[in-house]
Every structure is written in structure tokens, then in C-alpha cells.
Amino acid sequence: MQEKGGSTLSDDSRTKTPHVLTVAGSDSGAGAGIQADLKACAARRVYCSTVITALTAQNTVGVQGVSNVPEDFVAQQLKSVLSDMQVDVVKTGMLPSVGIVKTLCKTLREFPVHALVVDPVMVSTSGDVLAGPSILSTFLEELLPMADIITPNLKEASALLNGMQLETVDDMRSAARLLHNMGPKNVLVKGGDLPDSSDAVDILYNGHNFYELRSPRIRTRNSHGTGCSLASSIAAEVAKGYPMLSAVKVAKRFVETALDYSKEIDIGNGPQGPFDHLLRLKSHSQACHRQQPFDPSDLFLYAVTDSRMNKRWGRSIIDAVKAAIDGGATIIQLREKDAETKDFMESAKACLRICHLHGVPLLINDRVDVAIACDADGVHVGQSDMPARVARTLLGPEKIIGVSCKTPEQAEQAWVDGADYIGCGGVYPTNTKENNITVGLNGLKTVCMASKLPVVAIGGIGVSNARAVMEICASNLKGVAVVSALFDRECVQTETRKLHEVLLGSNIGST
Ligand SMILES: Cc1ncc(COP(=O)(O)OP(=O)(O)O)c(N)n1
Ligand SMILES: Cc1nc(C(=O)O)sc1CCOP(=O)(O)O
Ligand SMILES: [Mg+2]
């Protein structure tokens with residue numbers, strides 16, 4: 001048993017969290033350095049602690065200033081983390097003085113870790129010198145022999161090899177062999193700057209084998225921090241327990257994907273922008289609207305599409321959605337049980353544009369993958385679909401999640417799982433969903449009373465009975481969800497308008 005912070009934890013309750021410690025400089029522009037390392041480790045789902053060796057005043061134009069952290073304070077940071085926090089892998093970046101390199105090597109001998117990843121940062125991508133030639137000999141004599149991998153680019157490899165010219169893949173192999181002779185277990189020479197190469201070629205050498213790792217060159221201005229992020233990602237994969245070759249391959253794939261996602265992001269006025277570690281900035285910057293917070297009154301007239309009905313009436317999903325919106329639908333759910341994934345995605349994107357033009361949220365039934373891929377406003381899931389808790393993790397905090405519930409217990413669970421609303425039914429028998437259990441108006445009322453979330457009623461509802469549903473008078477019953485009474489009809493717009501009028505007459509839902 002172990003005492004921690006006043007509570008007692010059994011050893012069994014603790015699982016080892018993969019942990020990378022980055023020893024590097026801060027980049028005020030947050031594209032590289034400590035900030036890139038933190039983002040890369042977060043993206044690779046590894047804990048990252050930090051020892052800051054220098055502060056740089058930096059942006060997309062270049063480095064405007066550097067202030068080194070005093071050696072003894074670097075030592076103090078190292079000791080604080082290494083003496084307490086079970087670090088798996090140390091990753092180094094900017095080490096701006098001989099004293100700091102020596103301090104690091106001494107502390108690592110005192111507190112050994114599973115692996116050491118050395119990114120020999122000497123020159124920034126803008127060409128500014130971050131670690132001068134004076135530290136080179138300490139680097140070569142003390143740090144490199146302790147490293148499990150070093151990750152120089154062509155300029156850094158050349159600087160470590162006394163100015164050796166590196167212009168071809170064969171030169172990179174020779175450099176990797178020479179650097180390996182200096183003591184590191186693995187050498188990754190990165191060929192991103194290789195002239196006349198349409199691919200990005202890196203050479204990994206472990207003393208026995210050379211691996212030529214090729215990927216298509218991604219042309220983007222937003223590549224500042226690529227080196228730091230690659231080294232941190234390698235460290236992250238090694239911290240998870242992967243062998244070096246797999247770690248390098250995964251890290252390289254991750255950086256390529258992030259570069260590809262970063263093509264359109266627009267930060268700063270200089271020649272080199274930061275890239276998008278979490279692969280999330282692009283969809284936001286390109287989205288034609290900002291996600292509005294969920295408004296329960298949107299549940300007022302909830303139109304749920306049905307692929308079979310659309311086929312029967314010879315209309316596309318897009319036409320069905322347009323007509324429902326024109327008739328007054330306040331939220332749309334695409335429930336396309338028979339659609340091929342590719343077709344579903346394309347229709348969903350088109351419907352999303354229409355919905356957003358009218359300020360109407362669009363949810364996807366069942367398919368969290370499709371919702372993510374087309375950046376829909378959310379999903380609706382049932383009791384046998386992906387659990388709402390998992391959907392919330394995948395979709396993030398802003399998206400709308402609805403859950404089908406027939407009982408108070410399910411309603412409570414939906415709330416615990418982070419849902420935004422529940423759909424309760426079948427209120428009346430329905431032909432739209434096979435073998436559906438009918439809960440009736442009483443079942444609906446029981447669930448509404450128990451639910452901490454807003455409720456929309458579903459199942460067999462149409463113009464003739466919508467008023468009776470709303471008159472159960474539960475304050476959290478915000479509207480009705482309808483399939484056949486809108487879409488299994490000749491004119492969707494007319495039927496939606498009629499239902500809208502009935503609901504307005506029932507005087508509910510608009511709060
Ligand atoms: C608003 C709303 N409520 C309930 C459902 C039903 O969802 P589920 O139980 O997952 O059944 P399917 O629709 O997937 O057949 C819903 N779709 N919408
Ligand atoms: C999709 C769905 N879910 C239900 C539930 O009870 O959770 S009933 C239902 C079908 C609703 O279609 P219609 O409006 O045509 O009856
Ligand atoms: Mg479902």
C-alpha cells in the first residue's frame with residue numbers, strides 16, 4: 001500500500017502511464033521547442049513533462065532573442081521531475097550551453113531512464129543559431145554516446161561531422177554510419193532538405209541495417225517544429241514500449257499526416273508557419289459556420305430522414321432535407337440505414353451546407369465515423385449503438401449527442417455519459433422501426449420526470465396526435481421527432497408545415 005496526497009492507493013490500482021520528459025527551449029510562437037513537444041506527446045497520448053533550457057522570442061519570421069536558463073536551475077528542474085515522476089524516455093532539443101549539456105549527462109547518470117532521444121538542435125528552421133560550435137565537443141563526447149537515437153537533419157549531421165557535404169541518399173548513409181561510430185545506438189538522418197528529391201527520404205541506421213524511409217514530400221509553408229515533433233513522437237512511441245524501428249515509422253507517419261492537415265492553416269506573416277499536431281485546426285478554419293451551443297428548443301420539430309421512404313417517393317436525401325427545412329423543421333437527423341458509406345458522406349456534406357445556411361443543426365444517426373468525417377453537428381445513438389460516453393470522447397465537448405431511452409435508468413445513464421438530450425419512444429406503435437417497444441404517453445411522462453436532460457418524443461407521431469403528446473406537460477419535453485408523417489408523404493414541405501402549426505398551437509417547446 002502506498003500513501004499519496006492523504007489518500008491510500010493500493011499498488012494494483014496504479015497502471016504505468018507512458019511518460020516523456022522533454023529537455024528543450026521554449027518557442028514563444030509555439031511551433032517548435034517545448035510547445036511542439038507537449039502537443040506532439042498529447043497527440044500521441046503520452047504524458048510529457050518539461051525542463052526548459054532557454055527562452056526564445058520567436059515567431060514565423062525568425063528568432064528575435066534567446067535567454068538561457070541558468071545551469072543550476074536546469075539541474076533543479078531535472079531533479080524535480082526525475083526524482084519523482086517515473087520518466088520512461090528523455091528527449092532533448094535545444095541545449096544552449098556546455099554547462100547545460102554536462103548537467104543533463106550528469107543527472108541522467110544519477111537517474112537513468114529507459115531511453116534517451118537526442119534531437120541535436122543547432123540551427124532553427126529560420127537559420128538562426130540555437131547552439132553554437134562551442135558545445136559541439138561536449139555533445140560528441142558526452143551526450144551522443146548515451147543516446148538511443150539521434151535525429152539530425154542534413155545541416156545538423158554535417159555540423160556534427162565537421163562540415164561533411166551531404167547531397168545524396170548515399171551521403172546520408174555514410175553520415176549515419178559515421179555518426180553511429182560516435183556511440184548512439186541508432187541514427188536517423190533526415191533528408192527533408194535533400195535537393196532534387198520528390199520524396200522525403202530519411203535514413204535509419206542501427207549499426208547492422210540501414211532502413212530507407214520514404215514518404216511523399218508534402219509542400220506546405222507550415223512546417224516549423226517538424227523536427228521537434230518527430231523526435232518527441234519517436235520518444236512517445238518508445239515510451240509506450242515499441243521497438244525503435246516501429247517507433248520511427250509511426251512517428252514519421254504522424255508528422256506527415258499533421259503536415260498534410262496543416263496546409264491551409266494561416267498563422268503569422270513569416271515564411272514558416274507552425275503545423276497542426278492535433279489535426280483539428282483545418283476543419284475549424286475551413287468550416288463555413290461556427291458550432292452553436294446546443295439549444296434544447298431546436299428539438300421542437302425534429303425531422304428524421306429514411307432512405308427507404310425517399311427511394312419510394314423518388315427523392316434524394318438532399319431534396320427531402322430542403323423540403324423539411326422549408327416546412328419549418330428545427331433540427332434534422334440523417335437516418336440512412338441502407339446507404340453506402342461514401343454516398344452517405346457525400347449527401348451528409350451537402351445536407352450540412354443547406355442546414356447551416358438556415359441555422360438548423362444536422363445530426364447523423366448511428367454513424368459516429370460519418371459525423372466526424374463530415375463535421376456534422378452531432379449524432380443520435382440508441383441503446384445498442386456506440387455508447388454515448390465513447391461517442392463524446394471521439395466527438396469532443398461541442399458536438400450534440402442524443403440517446404434513445406425507454407426507461408428512467410437509461411435516461412440517468414445518458415446524462416452521466418455526457419449526452420445533450422434524449423429521444424423517448426415509441427410513444428405510439430410505428431411501422432418505421434421493426435420490433436420497437438411502445439412506451440405510450442405514460443412511459444414518456446415517466447422518462448421525462450426522471451430525466452435531467454431535455455426530451456424529444458418519437459414513434460408514430462404526426463399531425464393527428466402531436467398535440468396530445470405535448471400536452472403531457474413535462475417541462476423538459478421540448479418537441480417531437482417524426483419520420484413517416486413527414487417523409488412517407490407526397491409533399492414533405494406541406495406535411496412539415498402542418499405539423500409545425502399544430503406544435504405552435506400546443507404552445508410548448510419554445511423556451
Ligand atoms: C430522436 C431520436 N430518438 C430515437 C431514435 C432511435 O434511435 P435508435 O434506438 O438507435 O434506433 P435507430 O434510429 O438507429 O433505428 C432516433 N433515431 N432519433
Ligand atoms: C427511429 C425510431 N426510434 C424510435 C424509438 O422508439 O426510439 S421509434 C422510431 C421510428 C419513428 O418513425 P415514425 O415517426 O415514422 O413512427
Ligand atoms: Mg441507432
# chains A, B, ... in the order shown; residues from 1 in each chain; ligands from 1
>>> select_by_dssp(residues="segment 87-123 of chain A", states="helix (DSSP H, G or I)", output="PyMOL selection string")
chain A and resi 98-110
>>> residues_around(residues="segment 160-167 of chain A", least_positions_apart="2", cutoff="8 Å", atoms="only C-alpha atoms", output="PyMOL selection string")
chain A and resi 136+140+154+156-158+169+171-172+175+178-179+194-195
>>> write_last_selection(atoms="N, CA, C and O atoms", output="PDB file, in the first residue's frame")
ATOM      1  N   LEU A 136      29.793  21.723 -29.302  1.00  0.00           N
ATOM      2  CA  LEU A 136      29.855  20.541 -30.166  1.00  0.00           C
ATOM      3  C   LEU A 136      30.660  19.400 -29.547  1.00  0.00           C
ATOM      4  O   LEU A 136      30.233  18.239 -29.540  1.00  0.00           O
ATOM      5  N   LEU A 140      29.452  15.662 -28.624  1.00  0.00           N
ATOM      6  CA  LEU A 140      30.021  14.452 -29.234  1.00  0.00           C
ATOM      7  C   LEU A 140      30.582  13.513 -28.176  1.00  0.00           C
ATOM      8  O   LEU A 140      30.393  12.296 -28.224  1.00  0.00           O
ATOM      9  N   LEU A 154      19.985  17.347 -42.292  1.00  0.00           N
ATOM     10  CA  LEU A 154      21.242  17.352 -43.070  1.00  0.00           C
ATOM     11  C   LEU A 154      22.255  18.359 -42.523  1.00  0.00           C
ATOM     12  O   LEU A 154      23.442  18.051 -42.388  1.00  0.00           O
ATOM     13  N   GLU A 156      22.477  19.557 -39.463  1.00  0.00           N
ATOM     14  CA  GLU A 156      22.994  19.134 -38.152  1.00  0.00           C
ATOM     15  C   GLU A 156      23.968  17.967 -38.296  1.00  0.00           C
ATOM     16  O   GLU A 156      25.022  17.926 -37.638  1.00  0.00           O
ATOM     17  N   ALA A 157      23.624  17.026 -39.176  1.00  0.00           N
ATOM     18  CA  ALA A 157      24.534  15.893 -39.401  1.00  0.00           C
ATOM     19  C   ALA A 157      25.871  16.414 -39.916  1.00  0.00           C
ATOM     20  O   ALA A 157      26.955  15.990 -39.478  1.00  0.00           O
ATOM     21  N   SER A 158      25.804  17.384 -40.831  1.00  0.00           N
ATOM     22  CA  SER A 158      27.019  17.955 -41.395  1.00  0.00           C
ATOM     23  C   SER A 158      27.835  18.652 -40.296  1.00  0.00           C
ATOM     24  O   SER A 158      29.055  18.484 -40.204  1.00  0.00           O
ATOM     25  N   VAL A 169      21.376  10.511 -51.129  1.00  0.00           N
ATOM     26  CA  VAL A 169      20.974   9.480 -50.155  1.00  0.00           C
ATOM     27  C   VAL A 169      22.198   8.651 -49.740  1.00  0.00           C
ATOM     28  O   VAL A 169      22.338   8.261 -48.572  1.00  0.00           O
ATOM     29  N   ASP A 171      25.205   9.820 -49.451  1.00  0.00           N
ATOM     30  CA  ASP A 171      25.901  10.651 -48.448  1.00  0.00           C
ATOM     31  C   ASP A 171      25.238  10.478 -47.073  1.00  0.00           C
ATOM     32  O   ASP A 171      25.920  10.425 -46.036  1.00  0.00           O
ATOM     33  N   MET A 172      23.908  10.411 -47.072  1.00  0.00           N
ATOM     34  CA  MET A 172      23.188  10.274 -45.794  1.00  0.00           C
ATOM     35  C   MET A 172      23.534   8.948 -45.122  1.00  0.00           C
ATOM     36  O   MET A 172      23.704   8.870 -43.908  1.00  0.00           O
ATOM     37  N   ALA A 175      26.913   9.319 -43.612  1.00  0.00           N
ATOM     38  CA  ALA A 175      26.839  10.146 -42.395  1.00  0.00           C
ATOM     39  C   ALA A 175      26.268   9.330 -41.243  1.00  0.00           C
ATOM     40  O   ALA A 175      26.765   9.406 -40.107  1.00  0.00           O
ATOM     41  N   LEU A 178      28.943   7.070 -39.864  1.00  0.00           N
ATOM     42  CA  LEU A 178      29.968   7.810 -39.108  1.00  0.00           C
ATOM     43  C   LEU A 178      29.418   8.275 -37.754  1.00  0.00           C
ATOM     44  O   LEU A 178      30.099   8.190 -36.728  1.00  0.00           O
ATOM     45  N   LEU A 179      28.180   8.751 -37.771  1.00  0.00           N
ATOM     46  CA  LEU A 179      27.587   9.219 -36.510  1.00  0.00           C
ATOM     47  C   LEU A 179      27.368   8.047 -35.560  1.00  0.00           C
ATOM     48  O   LEU A 179      27.538   8.173 -34.340  1.00  0.00           O
ATOM     49  N   LEU A 194      16.982  17.519 -48.705  1.00  0.00           N
ATOM     50  CA  LEU A 194      17.787  16.969 -49.805  1.00  0.00           C
ATOM     51  C   LEU A 194      17.381  17.621 -51.130  1.00  0.00           C
ATOM     52  O   LEU A 194      16.202  17.640 -51.465  1.00  0.00           O
ATOM     53  N   PRO A 195      18.365  18.148 -51.890  1.00  0.00           N
ATOM     54  CA  PRO A 195      17.970  18.776 -53.150  1.00  0.00           C
ATOM     55  C   PRO A 195      17.491  17.729 -54.152  1.00  0.00           C
ATOM     56  O   PRO A 195      17.868  16.560 -54.065  1.00  0.00           O
TER      57      PRO A 195
END
>>> closest_atom_pairs(of="chain A", to="ligand 1", cutoff="10 Å", atoms="only C-alpha atoms and all ligand atoms", output="CSV")
residue,atom,partner,partner_atom_place_in_ligand_line,distance
A:Leu299,CA,ligand 1,1 (C),8.5
A:Tyr302,CA,ligand 1,1 (C),7.1
A:Ala303,CA,ligand 1,1 (C),8.5
A:Val304,CA,ligand 1,18 (N),6.9
A:Thr305,CA,ligand 1,17 (N),9.2
A:Asp306,CA,ligand 1,13 (O),9.5
A:Ile331,CA,ligand 1,1 (C),9.8
A:Ile332,CA,ligand 1,1 (C),9.4
A:Gln333,CA,ligand 1,18 (N),7.3
A:Leu334,CA,ligand 1,17 (N),8.7
A:Arg335,CA,ligand 1,13 (O),6.5
A:Glu336,CA,ligand 1,13 (O),9.1
A:Lys337,CA,ligand 1,14 (O),7.9
A:Leu363,CA,ligand 1,18 (N),9.4
A:Ile364,CA,ligand 1,17 (N),8.8
A:Asn365,CA,ligand 1,17 (N),5.9
A:Asp366,CA,ligand 1,14 (O),5.7
A:Arg367,CA,ligand 1,14 (O),9.2
A:Val379,CA,ligand 1,18 (N),9.3
A:His380,CA,ligand 1,18 (N),6.0
A:Val381,CA,ligand 1,10 (O),4.7
A:Gly382,CA,ligand 1,10 (O),3.0
A:Gln383,CA,ligand 1,9 (O),6.0
A:Ser384,CA,ligand 1,10 (O),6.8
A:Asp385,CA,ligand 1,10 (O),6.2
A:Met386,CA,ligand 1,10 (O),9.2
A:Gly402,CA,ligand 1,1 (C),6.9
A:Val403,CA,ligand 1,3 (N),6.8
A:Ser404,CA,ligand 1,4 (C),4.5
A:Cys405,CA,ligand 1,4 (C),7.5
A:Lys406,CA,ligand 1,9 (O),9.2
A:Tyr421,CA,ligand 1,1 (C),8.7
A:Ile422,CA,ligand 1,3 (N),6.9
A:Gly423,CA,ligand 1,3 (N),3.7
A:Cys424,CA,ligand 1,3 (N),6.1
A:Gly425,CA,ligand 1,4 (C),6.8
A:Gly426,CA,ligand 1,4 (C),8.2
A:Thr432,CA,ligand 1,15 (O),8.5
A:Lys433,CA,ligand 1,15 (O),6.0
A:Glu434,CA,ligand 1,15 (O),8.3
A:Asn436,CA,ligand 1,9 (O),8.7
A:Val455,CA,ligand 1,1 (C),8.7
A:Val456,CA,ligand 1,1 (C),6.2
A:Ala457,CA,ligand 1,3 (N),7.2
A:Ile458,CA,ligand 1,3 (N),5.8
A:Gly459,CA,ligand 1,4 (C),8.1
A:Gly479,CA,ligand 1,1 (C),9.7
A:Val480,CA,ligand 1,1 (C),8.0
A:Ala481,CA,ligand 1,1 (C),5.4
A:Val482,CA,ligand 1,1 (C),8.1
A:Val483,CA,ligand 1,17 (N),9.2
>>> residues_around(residues="Ile203 of chain A", least_positions_apart="4", cutoff="9 Å", atoms="only C-alpha atoms", output="list in words")
Val169, Met172, Arg173, Ala176, Val187, Leu188, Val189, Lys190, Gly191, Phe210, Tyr211, Glu212, Leu213 and Arg214 of chain A
>>> residues_around(residues="Arg45 of chain A", least_positions_apart="5", cutoff="12 Å", atoms="only C-alpha atoms", output="ChimeraX atom specification")
/A:17-20,37-40,232-233,235-237,239-240,277-278
>>> write_last_selection(atoms="C-alpha atoms", output="short mmCIF file (atom, residue, chain, number, x, y, z; two decimals), in the first residue's frame")
data_model
loop_
_atom_site.label_atom_id
_atom_site.label_comp_id
_atom_site.auth_asym_id
_atom_site.auth_seq_id
_atom_site.Cartn_x
_atom_site.Cartn_y
_atom_site.Cartn_z
CA THR A 17 1.46 5.95 -17.70
CA PRO A 18 3.96 6.31 -20.58
CA HIS A 19 6.00 9.42 -19.80
CA VAL A 20 8.39 11.51 -21.88
CA ASP A 37 6.93 18.55 -27.78
CA LEU A 38 3.94 18.94 -25.48
CA LYS A 39 1.50 18.97 -28.39
CA ALA A 40 3.15 16.01 -30.13
CA SER A 232 9.01 13.77 -29.47
CA SER A 233 6.78 11.34 -31.32
CA ALA A 235 10.14 9.30 -27.77
CA ALA A 236 6.40 8.83 -27.21
CA GLU A 237 6.27 5.54 -29.11
CA ALA A 239 7.79 5.25 -24.00
CA LYS A 240 4.79 3.08 -24.94
CA HIS A 277 -0.42 18.49 -34.20
CA LEU A 278 -3.94 17.67 -33.16
#
>>> residues_around(residues="segment 347-351 of chain A", least_positions_apart="4", cutoff="7 Å", atoms="only C-alpha atoms", output="PyMOL selection string")
chain A and resi 317-318+321+343+355+374
>>> write_last_selection(atoms="C-alpha atoms", output="mmCIF file, in the first residue's frame")
data_model
loop_
_atom_site.group_PDB
_atom_site.id
_atom_site.type_symbol
_atom_site.label_atom_id
_atom_site.label_comp_id
_atom_site.auth_asym_id
_atom_site.auth_seq_id
_atom_site.Cartn_x
_atom_site.Cartn_y
_atom_site.Cartn_z
ATOM 1 C CA ILE A 317 -31.907 12.959 -49.220
ATOM 2 C CA ILE A 318 -30.913 16.484 -50.104
ATOM 3 C CA VAL A 321 -33.943 17.817 -46.136
ATOM 4 C CA ASP A 343 -22.672 8.096 -50.684
ATOM 5 C CA CYS A 355 -28.829 23.133 -42.837
ATOM 6 C CA CYS A 374 -18.218 15.439 -42.435
#
>>> residues_around(residues="segment 53-65 of chain A", least_positions_apart="6", cutoff="7 Å", atoms="only C-alpha atoms", output="PyMOL selection string")
chain A and resi 23-29+74+95+126+128+268-273
>>> write_last_selection(atoms="N, CA, C and O atoms", output="PDB file, in the first residue's frame")
ATOM      1  N   VAL A  23      13.611  18.000 -22.633  1.00  0.00           N
ATOM      2  CA  VAL A  23      14.580  18.969 -22.112  1.00  0.00           C
ATOM      3  C   VAL A  23      14.900  19.863 -23.313  1.00  0.00           C
ATOM      4  O   VAL A  23      15.637  19.461 -24.220  1.00  0.00           O
ATOM      5  N   ALA A  24      14.301  21.047 -23.355  1.00  0.00           N
ATOM      6  CA  ALA A  24      14.363  21.831 -24.600  1.00  0.00           C
ATOM      7  C   ALA A  24      14.082  23.303 -24.314  1.00  0.00           C
ATOM      8  O   ALA A  24      13.808  23.690 -23.176  1.00  0.00           O
ATOM      9  N   GLY A  25      14.129  24.098 -25.377  1.00  0.00           N
ATOM     10  CA  GLY A  25      13.879  25.529 -25.242  1.00  0.00           C
ATOM     11  C   GLY A  25      12.425  25.855 -25.531  1.00  0.00           C
ATOM     12  O   GLY A  25      11.736  25.125 -26.242  1.00  0.00           O
ATOM     13  N   SER A  26      11.986  26.977 -24.953  1.00  0.00           N
ATOM     14  CA  SER A  26      10.614  27.424 -25.214  1.00  0.00           C
ATOM     15  C   SER A  26      10.570  28.269 -26.497  1.00  0.00           C
ATOM     16  O   SER A  26      11.446  29.100 -26.720  1.00  0.00           O
ATOM     17  N   ASP A  27       9.564  28.054 -27.320  1.00  0.00           N
ATOM     18  CA  ASP A  27       9.348  28.851 -28.538  1.00  0.00           C
ATOM     19  C   ASP A  27       8.085  29.683 -28.315  1.00  0.00           C
ATOM     20  O   ASP A  27       6.979  29.125 -28.239  1.00  0.00           O
ATOM     21  N   SER A  28       8.248  31.001 -28.225  1.00  0.00           N
ATOM     22  CA  SER A  28       7.077  31.847 -27.934  1.00  0.00           C
ATOM     23  C   SER A  28       5.998  31.722 -29.013  1.00  0.00           C
ATOM     24  O   SER A  28       4.819  31.871 -28.733  1.00  0.00           O
ATOM     25  N   GLY A  29       6.409  31.397 -30.241  1.00  0.00           N
ATOM     26  CA  GLY A  29       5.429  31.210 -31.322  1.00  0.00           C
ATOM     27  C   GLY A  29       4.755  29.851 -31.265  1.00  0.00           C
ATOM     28  O   GLY A  29       3.802  29.583 -32.001  1.00  0.00           O
ATOM     29  N   VAL A  74      18.392  24.586 -14.424  1.00  0.00           N
ATOM     30  CA  VAL A  74      18.102  23.427 -15.288  1.00  0.00           C
ATOM     31  C   VAL A  74      18.283  22.151 -14.449  1.00  0.00           C
ATOM     32  O   VAL A  74      17.442  21.238 -14.472  1.00  0.00           O
ATOM     33  N   LEU A  95      19.905  22.635 -26.425  1.00  0.00           N
ATOM     34  CA  LEU A  95      20.771  22.586 -25.232  1.00  0.00           C
ATOM     35  C   LEU A  95      21.817  23.675 -25.459  1.00  0.00           C
ATOM     36  O   LEU A  95      22.826  23.445 -26.123  1.00  0.00           O
ATOM     37  N   SER A 126      14.566  28.814 -39.337  1.00  0.00           N
ATOM     38  CA  SER A 126      14.752  30.123 -39.973  1.00  0.00           C
ATOM     39  C   SER A 126      16.229  30.436 -40.196  1.00  0.00           C
ATOM     40  O   SER A 126      16.569  31.497 -40.712  1.00  0.00           O
ATOM     41  N   ASP A 128      18.539  30.607 -37.684  1.00  0.00           N
ATOM     42  CA  ASP A 128      19.192  31.201 -36.516  1.00  0.00           C
ATOM     43  C   ASP A 128      19.916  30.129 -35.691  1.00  0.00           C
ATOM     44  O   ASP A 128      19.391  29.028 -35.490  1.00  0.00           O
ATOM     45  N   GLY A 268       0.518  33.837 -38.619  1.00  0.00           N
ATOM     46  CA  GLY A 268       1.747  34.623 -38.768  1.00  0.00           C
ATOM     47  C   GLY A 268       1.982  35.075 -40.202  1.00  0.00           C
ATOM     48  O   GLY A 268       1.348  34.587 -41.144  1.00  0.00           O
ATOM     49  N   ASN A 269       2.949  36.011 -40.336  1.00  0.00           N
ATOM     50  CA  ASN A 269       3.226  36.593 -41.658  1.00  0.00           C
ATOM     51  C   ASN A 269       4.561  36.158 -42.233  1.00  0.00           C
ATOM     52  O   ASN A 269       4.922  36.556 -43.338  1.00  0.00           O
ATOM     53  N   GLY A 270       5.327  35.381 -41.453  1.00  0.00           N
ATOM     54  CA  GLY A 270       6.666  34.986 -41.888  1.00  0.00           C
ATOM     55  C   GLY A 270       6.645  33.806 -42.829  1.00  0.00           C
ATOM     56  O   GLY A 270       5.571  33.274 -43.162  1.00  0.00           O
ATOM     57  N   PRO A 271       7.839  33.365 -43.238  1.00  0.00           N
ATOM     58  CA  PRO A 271       7.906  32.291 -44.243  1.00  0.00           C
ATOM     59  C   PRO A 271       7.602  30.901 -43.691  1.00  0.00           C
ATOM     60  O   PRO A 271       7.336  29.990 -44.462  1.00  0.00           O
ATOM     61  N   GLN A 272       7.638  30.723 -42.370  1.00  0.00           N
ATOM     62  CA  GLN A 272       7.418  29.375 -41.842  1.00  0.00           C
ATOM     63  C   GLN A 272       6.376  29.350 -40.742  1.00  0.00           C
ATOM     64  O   GLN A 272       6.601  29.850 -39.638  1.00  0.00           O
ATOM     65  N   GLY A 273       5.231  28.764 -41.030  1.00  0.00           N
ATOM     66  CA  GLY A 273       4.165  28.682 -40.033  1.00  0.00           C
ATOM     67  C   GLY A 273       4.255  27.390 -39.242  1.00  0.00           C
ATOM     68  O   GLY A 273       4.912  26.436 -39.651  1.00  0.00           O
TER      69      GLY A 273
END
>>> atom_distance(atom1="atom CA of Ala485 of chain A", atom2="atom CA of Lys445 of chain A")
22.3 Å
>>> closest_residue(among="A:Glu495, A:Asn465, A:Ile437, A:Leu394", to="ligand 2", atoms="only C-alpha atoms and all ligand atoms")
A:Ile437
>>> closest_residue(among="A:Pro274, A:Gly505, A:Gly33, A:Gly99", to="His224 of chain A", atoms="only C-alpha atoms")
A:Pro274
>>> atom_distance(atom1="atom CA of Arg44 of chain A", atom2="atom CA of Leu144 of chain A")
25.5 Å
>>> atom_distance(atom1="atom CA of Phe73 of chain A", atom2="atom CA of Thr226 of chain A")
27.8 Å
>>> residues_around(residues="Thr50 of chain A", least_positions_apart="2", cutoff="8 Å", atoms="only C-alpha atoms", output="number ranges by chain")
A: 21-24, 34, 48, 52
>>> write_last_selection(atoms="N, CA and C atoms", output="mmCIF file, in the first residue's frame")
data_model
loop_
_atom_site.group_PDB
_atom_site.id
_atom_site.type_symbol
_atom_site.label_atom_id
_atom_site.label_comp_id
_atom_site.auth_asym_id
_atom_site.auth_seq_id
_atom_site.Cartn_x
_atom_site.Cartn_y
_atom_site.Cartn_z
ATOM 1 N N LEU A 21 10.013 12.972 -20.847
ATOM 2 C CA LEU A 21 10.469 14.272 -20.333
ATOM 3 C C LEU A 21 11.209 14.970 -21.470
ATOM 4 N N THR A 22 10.754 16.167 -21.840
ATOM 5 C CA THR A 22 11.486 16.902 -22.863
ATOM 6 C C THR A 22 12.367 17.959 -22.199
ATOM 7 N N VAL A 23 13.611 18.000 -22.633
ATOM 8 C CA VAL A 23 14.580 18.969 -22.112
ATOM 9 C C VAL A 23 14.900 19.863 -23.313
ATOM 10 N N ALA A 24 14.301 21.047 -23.355
ATOM 11 C CA ALA A 24 14.363 21.831 -24.600
ATOM 12 C C ALA A 24 14.082 23.303 -24.314
ATOM 13 N N ILE A 34 9.646 23.294 -26.711
ATOM 14 C CA ILE A 34 8.840 22.675 -25.655
ATOM 15 C C ILE A 34 7.368 22.585 -26.059
ATOM 16 N N CYS A 48 3.761 14.221 -20.905
ATOM 17 C CA CYS A 48 5.015 14.909 -21.201
ATOM 18 C C CYS A 48 5.302 15.940 -20.119
ATOM 19 N N ILE A 52 12.906 23.324 -19.070
ATOM 20 C CA ILE A 52 13.165 24.398 -20.044
ATOM 21 C C ILE A 52 14.619 24.862 -19.919
#
>>> select_by_dssp(residues="segment 69-316 of chain A", states="strand (DSSP E or B)", output="ChimeraX atom specification")
/A:89-92,115-118,123,129,149-150,153,186-190,199-205,210-216,224,274,301-304
>>> closest_residue(among="A:Asn476, A:Ser223, A:Asn206, A:Thr496", to="Ala323 of chain A", atoms="only C-alpha atoms")
A:Thr496
>>> decode(residues="segment 472-504 of chain A", atoms="C-alpha atoms", output="JSON list (two decimals), in the first residue's frame")
[["chain", "number", "residue", "atom", "x", "y", "z"],
["A", 472, "ILE", "CA", -48.44, 15.54, -21.07],
["A", 473, "CYS", "CA", -46.99, 18.82, -19.79],
["A", 474, "ALA", "CA", -43.45, 17.87, -18.82],
["A", 475, "SER", "CA", -41.33, 21.00, -18.81],
["A", 476, "ASN", "CA", -38.33, 19.19, -20.32],
["A", 477, "LEU", "CA", -40.36, 17.72, -23.23],
["A", 478, "LYS", "CA", -39.20, 20.04, -25.99],
["A", 479, "GLY", "CA", -40.70, 18.59, -29.14],
["A", 480, "VAL", "CA", -41.48, 15.66, -31.39],
["A", 481, "ALA", "CA", -39.27, 13.62, -33.73],
["A", 482, "VAL", "CA", -41.02, 12.36, -36.82],
["A", 483, "VAL", "CA", -40.16, 10.11, -39.75],
["A", 484, "SER", "CA", -43.10, 8.76, -41.78],
["A", 485, "ALA", "CA", -45.58, 11.59, -41.13],
["A", 486, "LEU", "CA", -43.15, 13.87, -42.98],
["A", 487, "PHE", "CA", -41.18, 11.68, -45.37],
["A", 488, "ASP", "CA", -43.65, 8.94, -46.33],
["A", 489, "ARG", "CA", -45.86, 11.57, -47.93],
["A", 490, "GLU", "CA", -46.09, 13.17, -51.34],
["A", 491, "CYS", "CA", -45.18, 16.69, -50.22],
["A", 492, "VAL", "CA", -42.67, 16.84, -47.36],
["A", 493, "GLN", "CA", -42.83, 20.61, -47.11],
["A", 494, "THR", "CA", -46.63, 20.72, -46.74],
["A", 495, "GLU", "CA", -46.67, 17.97, -44.11],
["A", 496, "THR", "CA", -43.87, 19.61, -42.14],
["A", 497, "ARG", "CA", -45.69, 22.95, -42.25],
["A", 498, "LYS", "CA", -48.92, 21.34, -40.98],
["A", 499, "LEU", "CA", -47.10, 19.70, -38.10],
["A", 500, "HIS", "CA", -45.33, 22.95, -37.31],
["A", 501, "GLU", "CA", -48.69, 24.70, -36.98],
["A", 502, "VAL", "CA", -50.05, 22.00, -34.68],
["A", 503, "LEU", "CA", -46.99, 22.28, -32.46],
["A", 504, "LEU", "CA", -47.21, 26.06, -32.32]]
